[in-house]
Amino acid sequence: MSRPEPVQQVKHRRDLALQTLVDAVPYAGFLGIVFERHGDELTAVLPYDDKLIGNPVLPALHGGVIASFLEVAAIIELSWAMLWDELESGRLRPEEMAANLPRLPKTIDFTVDYLRTGLPRDGYARARVNRSGRRYASVHVEAWQDNRARLFAQATGHFLMPQRADG
Amino acid sequence: MSETSPQEFINALPFARALGMQLDSIGGGRAEISMAWDARFVGDPATGVIHGGAVSALMDTCGGAAVMSYPGALTTATIDLRIDYMRAATPGQRITARAECYHVTRRVAFVRATAHDEDSDNPVATASGAFTFDRKERA
């Protein structure tokens, strides 16, 4: 039996793969969205920026920013779940991902519930893949600001999965 | 109440300005808002297609504008919005959303919207949503 992979190497491999995946989505960078990872669990973070405001009087985050944040969180989570086994088995090398990016899931529909006003501060989101088949996937996303239990938005989306060589 | 032009209304929304939205027409519970393709808004670099979230932002803004233009509207906020993505928007082409506030109750406005690129016969996306509806006090 081979020795386990050194922890720094595991972290580097996973972080590089995640960063490459997120960097490949220009719109995530435009919004300033970053991802934090614990094992395979991702948390999307939307750091506050003045340009994200929709209602300057309140002030409140733009509904479109909230929808975008949740959809980015859903697509990255779904892509991450899709690639995880290939990354862990070594079939997909993160160093080679940037030059040969995997195709991303395509949104079929996305429904956002606006539960509370988006305050002018950082937001967090976590997505859960409720069903993932060869062709279709269903993902639920929850977003909060100060308190994890007080969601300010949630969403459900359906996605068309890209055809992969070794599904 | 001070008079502001429709484009000033859009310019007052920082995120609408950040996405370069342009208000093409508004009035009577209907609005049309468009935005240019921009490499910063791309969702899938393999195709150059605009991210669904940017289309959502356009639809949400257009829906809100339609509600605000309904007679008697004072303020509004989105309660929920569902977007169906029919096809990928063609990279490089302008996206135009049209929203209609087709029914209001005392407190709720119902909106449907479509978005298309330069091929106006084939929608890129459709949306339907509920918005809060606060009325002006009667004088």
# chains A, B, ... in the order shown; residues from 1 in each chain; ligands from 1
>>> interface_residues(of="chain B", to="chain A", cutoff="8 Å", atoms="only C-alpha atoms", output="count of residues only")
32
>>> select_by_dssp(residues="chain A", states="strand (DSSP E)", output="number ranges by chain")
A: 34-38, 41-46, 53-55, 60-61, 106-114, 123-132, 136-144, 151-160
>>> atom_distance(atom1="atom CA of A:Leu78", atom2="atom CA of B:Ala36")
28.3 Å
>>> atom_distance(atom1="atom CA of A:Ala44", atom2="atom CA of A:Leu18")
11.6 Å
>>> residues_around(residues="A:Arg93", least_positions_apart="2", cutoff="12 Å", atoms="only C-alpha atoms", output="number ranges by chain")
A: 12-14, 16-18, 20, 83-91, 95-102
>>> atom_distance(atom1="atom CA of B:Glu8", atom2="atom CA of B:Leu74")
16.8 Å
>>> closest_residue(among="B:Ala66, B:Ile26, B:Ala127, B:Cys101", to="B:Thr114", atoms="only C-alpha atoms")
B:Ala127
>>> residues_around(residues="B:Gly92", least_positions_apart="3", cutoff="12 Å", atoms="only C-alpha atoms", output="PDB file with C-alpha atoms, in the first residue's frame")
ATOM      1  CA  MET B  35     -27.201  46.032 -22.445  1.00  0.00           C
ATOM      2  CA  ALA B  36     -24.211  45.484 -24.705  1.00  0.00           C
ATOM      3  CA  TRP B  37     -22.196  42.256 -24.775  1.00  0.00           C
ATOM      4  CA  ASP B  38     -19.040  42.675 -22.677  1.00  0.00           C
ATOM      5  CA  ALA B  39     -16.176  40.203 -22.156  1.00  0.00           C
ATOM      6  CA  ARG B  40     -16.367  40.873 -18.380  1.00  0.00           C
ATOM      7  CA  PHE B  41     -19.920  39.464 -18.254  1.00  0.00           C
ATOM      8  CA  VAL B  42     -19.066  36.132 -19.907  1.00  0.00           C
ATOM      9  CA  THR B  47     -18.311  29.880 -25.853  1.00  0.00           C
ATOM     10  CA  GLY B  48     -18.124  33.594 -24.952  1.00  0.00           C
ATOM     11  CA  VAL B  49     -21.763  33.444 -23.876  1.00  0.00           C
ATOM     12  CA  ILE B  50     -22.953  35.990 -21.289  1.00  0.00           C
ATOM     13  CA  ALA B  88     -27.427  30.921 -25.468  1.00  0.00           C
ATOM     14  CA  ALA B  89     -27.279  34.626 -26.344  1.00  0.00           C
ATOM     15  CA  ILE B  95     -29.377  41.838 -25.235  1.00  0.00           C
ATOM     16  CA  ASP B 117     -30.405  39.310 -28.767  1.00  0.00           C
ATOM     17  CA  GLU B 118     -30.300  40.792 -32.275  1.00  0.00           C
TER      18      GLU B 118
END
>>> residues_around(residues="B:Gly63", least_positions_apart="2", cutoff="9 Å", atoms="only C-alpha atoms", output="list in words")
Arg30, Ala31, Leu58, Met59, Asp60, Thr61, Ala65, Ala66, Val67, Met68, Thr78, Ala97, Arg98, Ala99, Glu100, Cys101, Val111, Arg112, Ala113, Ser128, Gly129 and Phe131 of chain B
>>> select_by_dssp(residues="chain A", states="helix (DSSP H, G or I)", output="MDAnalysis selection string")
chainID A and resid 7:23 26:31 50:52 63:89 94:97
>>> closest_residue(among="B:Val55, B:Cys62, B:Ala125, B:Ala130", to="B:Ala77", atoms="only C-alpha atoms")
B:Ala130
